Amino acid sequence: MTITLSASRVYTQDSIAPDTVGYAGPDQTLSLVDQLILGRVFPKPVGDFGGMARPSARLVRTVFLNGGTTVKALASLSLQGAIPVGIGATELALLIEDFYTYLSRESANTTKLLKTLDVTY
């Protein structure tokens, strides 16, 4: 199975464990990391409450520092969800859309939390 993130970034299923699947990206080698890891924790009901589903996605990649070719580190971004059982489809879609819009603003430099740690606007 594959997941295409952009025209040139296709991730192929590489590992599978209960509730976690790892995908290797086009830059994955023995010495470079390029992975997308998807996970899930099923809700645990408590009394009358149906519990929280906890989906997760993590993108991890080896990057070269300061434009060099030898000094490298791992960079990652994670998405951790907490979705209550019983949430309406419209409410969930709006939550996803708003988060997507926020990430789009980060990419367009409208907000700069990820690039400069700026939390005020």
# chains A, B, ... in the order shown; residues from 1 in each chain; ligands from 1
>>> residues_around(residues="Val21 in chain A", least_positions_apart="3", cutoff="10 Å", atoms="only C-alpha atoms", output="PDB file with N, CA and C atoms, in the first residue's frame")
ATOM      1  N   GLN A  13       4.273   1.257   2.293  1.00  0.00           N
ATOM      2  CA  GLN A  13       4.194   0.516   3.561  1.00  0.00           C
ATOM      3  C   GLN A  13       5.469  -0.280   3.773  1.00  0.00           C
ATOM      4  N   ASP A  14       6.054  -0.108   4.950  1.00  0.00           N
ATOM      5  CA  ASP A  14       7.354  -0.705   5.245  1.00  0.00           C
ATOM      6  C   ASP A  14       7.305  -1.604   6.471  1.00  0.00           C
ATOM      7  N   SER A  15       6.453  -1.260   7.430  1.00  0.00           N
ATOM      8  CA  SER A  15       6.363  -2.064   8.654  1.00  0.00           C
ATOM      9  C   SER A  15       4.931  -2.022   9.165  1.00  0.00           C
ATOM     10  N   ILE A  16       4.552  -3.083   9.858  1.00  0.00           N
ATOM     11  CA  ILE A  16       3.199  -3.132  10.402  1.00  0.00           C
ATOM     12  C   ILE A  16       3.257  -3.827  11.763  1.00  0.00           C
ATOM     13  N   ALA A  17       2.544  -3.243  12.694  1.00  0.00           N
ATOM     14  CA  ALA A  17       2.405  -3.803  14.042  1.00  0.00           C
ATOM     15  C   ALA A  17       0.968  -3.536  14.454  1.00  0.00           C
ATOM     16  N   PRO A  18       0.501  -4.162  15.518  1.00  0.00           N
ATOM     17  CA  PRO A  18      -0.866  -3.865  15.942  1.00  0.00           C
ATOM     18  C   PRO A  18      -1.039  -2.355  16.177  1.00  0.00           C
ATOM     19  N   LEU A  36       6.770   7.949   7.473  1.00  0.00           N
ATOM     20  CA  LEU A  36       5.456   8.375   7.915  1.00  0.00           C
ATOM     21  C   LEU A  36       4.920   7.242   8.778  1.00  0.00           C
ATOM     22  N   ILE A  37       4.574   7.547  10.025  1.00  0.00           N
ATOM     23  CA  ILE A  37       4.087   6.520  10.955  1.00  0.00           C
ATOM     24  C   ILE A  37       2.664   6.872  11.364  1.00  0.00           C
ATOM     25  N   LEU A  38       1.741   5.974  11.093  1.00  0.00           N
ATOM     26  CA  LEU A  38       0.338   6.168  11.455  1.00  0.00           C
ATOM     27  C   LEU A  38      -0.017   5.228  12.601  1.00  0.00           C
ATOM     28  N   GLY A  39      -0.734   5.744  13.577  1.00  0.00           N
ATOM     29  CA  GLY A  39      -1.094   4.920  14.729  1.00  0.00           C
ATOM     30  C   GLY A  39      -2.512   5.194  15.189  1.00  0.00           C
ATOM     31  N   ARG A  40      -3.005   4.328  16.043  1.00  0.00           N
ATOM     32  CA  ARG A  40      -4.345   4.494  16.594  1.00  0.00           C
ATOM     33  C   ARG A  40      -4.431   3.839  17.959  1.00  0.00           C
ATOM     34  N   ALA A  57      -0.335  10.670  13.598  1.00  0.00           N
ATOM     35  CA  ALA A  57       0.488  10.622  12.394  1.00  0.00           C
ATOM     36  C   ALA A  57       1.784  11.348  12.715  1.00  0.00           C
TER      37      ALA A  57
END
>>> atom_distance(atom1="CA of Val46 in chain A", atom2="CA of Gly86 in chain A")
13.6 Å
>>> residues_around(residues="Arg54 in chain A", least_positions_apart="5", cutoff="9 Å", atoms="only C-alpha atoms", output="PyMOL selection string")
chain A and resi 39-43+80-84
>>> select_by_dssp(residues="chain A", states="strand (DSSP E)", output="JSON, numbers by chain")
{"A": [2, 3, 4, 5, 6, 9, 10, 11, 12, 13, 14, 15, 16, 17, 20, 21, 22, 23, 24, 34, 35, 36, 37, 38, 39, 40, 41, 52, 53, 54, 55, 56, 57, 58, 59, 60, 61, 62, 63, 64, 72, 73, 74, 75, 76, 77, 78, 79, 80, 83, 84]}
>>> write_last_selection(atoms="C-alpha atoms", output="PDB file, in the first residue's frame")
ATOM      1  CA  THR A   2       1.211   3.534  -0.730  1.00  0.00           C
ATOM      2  CA  ILE A   3       0.333   7.048   0.411  1.00  0.00           C
ATOM      3  CA  THR A   4       1.095   9.950  -1.925  1.00  0.00           C
ATOM      4  CA  LEU A   5       1.785  13.226  -0.105  1.00  0.00           C
ATOM      5  CA  SER A   6       2.757  15.184  -3.218  1.00  0.00           C
ATOM      6  CA  ARG A   9       6.683  12.111  -2.323  1.00  0.00           C
ATOM      7  CA  VAL A  10       5.212   8.619  -2.321  1.00  0.00           C
ATOM      8  CA  TYR A  11       5.420   6.594   0.895  1.00  0.00           C
ATOM      9  CA  THR A  12       5.286   2.784   0.721  1.00  0.00           C
ATOM     10  CA  GLN A  13       4.194   0.516   3.561  1.00  0.00           C
ATOM     11  CA  ASP A  14       7.354  -0.705   5.245  1.00  0.00           C
ATOM     12  CA  SER A  15       6.363  -2.064   8.654  1.00  0.00           C
ATOM     13  CA  ILE A  16       3.199  -3.132  10.402  1.00  0.00           C
ATOM     14  CA  ALA A  17       2.405  -3.803  14.042  1.00  0.00           C
ATOM     15  CA  THR A  20       0.781   1.134  13.954  1.00  0.00           C
ATOM     16  CA  VAL A  21       1.883   1.156  10.311  1.00  0.00           C
ATOM     17  CA  GLY A  22       5.148   2.644   9.067  1.00  0.00           C
ATOM     18  CA  TYR A  23       5.660   3.936   5.537  1.00  0.00           C
ATOM     19  CA  ALA A  24       9.064   4.531   3.950  1.00  0.00           C
ATOM     20  CA  ASP A  34      12.178   9.333   5.693  1.00  0.00           C
ATOM     21  CA  GLN A  35       9.159   7.807   7.425  1.00  0.00           C
ATOM     22  CA  LEU A  36       5.456   8.375   7.915  1.00  0.00           C
ATOM     23  CA  ILE A  37       4.087   6.520  10.955  1.00  0.00           C
ATOM     24  CA  LEU A  38       0.338   6.168  11.455  1.00  0.00           C
ATOM     25  CA  GLY A  39      -1.094   4.920  14.729  1.00  0.00           C
ATOM     26  CA  ARG A  40      -4.345   4.494  16.594  1.00  0.00           C
ATOM     27  CA  VAL A  41      -5.615   3.857  20.099  1.00  0.00           C
ATOM     28  CA  MET A  52     -11.716   8.992  23.121  1.00  0.00           C
ATOM     29  CA  ALA A  53     -10.269   7.650  19.888  1.00  0.00           C
ATOM     30  CA  ARG A  54      -6.618   8.689  19.599  1.00  0.00           C
ATOM     31  CA  PRO A  55      -5.321   8.732  16.018  1.00  0.00           C
ATOM     32  CA  SER A  56      -1.757   9.841  15.331  1.00  0.00           C
ATOM     33  CA  ALA A  57       0.488  10.622  12.394  1.00  0.00           C
ATOM     34  CA  ARG A  58       4.191  11.391  12.537  1.00  0.00           C
ATOM     35  CA  LEU A  59       6.509  12.411   9.717  1.00  0.00           C
ATOM     36  CA  VAL A  60      10.224  11.944  10.464  1.00  0.00           C
ATOM     37  CA  ARG A  61      13.015  12.875   8.098  1.00  0.00           C
ATOM     38  CA  THR A  62      16.801  13.214   8.182  1.00  0.00           C
ATOM     39  CA  VAL A  63      17.798  16.798   7.373  1.00  0.00           C
ATOM     40  CA  PHE A  64      21.170  18.333   6.695  1.00  0.00           C
ATOM     41  CA  LYS A  72      22.541  15.857   9.966  1.00  0.00           C
ATOM     42  CA  ALA A  73      19.699  15.544  12.459  1.00  0.00           C
ATOM     43  CA  LEU A  74      16.168  14.180  12.584  1.00  0.00           C
ATOM     44  CA  ALA A  75      13.262  16.594  12.079  1.00  0.00           C
ATOM     45  CA  SER A  76       9.682  15.554  12.777  1.00  0.00           C
ATOM     46  CA  LEU A  77       6.119  16.803  12.857  1.00  0.00           C
ATOM     47  CA  SER A  78       3.345  15.004  14.721  1.00  0.00           C
ATOM     48  CA  LEU A  79      -0.409  15.122  14.759  1.00  0.00           C
ATOM     49  CA  GLN A  80      -2.091  13.724  17.872  1.00  0.00           C
ATOM     50  CA  ILE A  83     -11.720  12.410  19.148  1.00  0.00           C
ATOM     51  CA  PRO A  84     -14.630  11.687  21.505  1.00  0.00           C
TER      52      PRO A  84
END
>>> residues_around(residues="Asp48 in chain A", least_positions_apart="3", cutoff="12 Å", atoms="only C-alpha atoms", output="compact mmCIF listing (two decimals) with C-alpha atoms, in the first residue's frame")
# COMPACT_ATOMS: atom_id res chain seq x y z
CA LYS A 44 -12.03 2.95 26.19
CA PRO A 45 -15.57 3.58 27.48
CA GLY A 51 -14.22 7.25 25.37
CA VAL A 85 -16.95 8.84 20.57
CA GLY A 86 -20.19 10.36 19.32
>>> closest_residue(among="A:Thr110, A:Ala7, A:Tyr121, A:Ile87", to="Gly50 in chain A", atoms="only C-alpha atoms")
A:Ile87
>>> select_by_dssp(residues="range 31-109 of chain A", states="helix (DSSP H, G or I)", output="ChimeraX atom specification")
/A:65-67,89-107
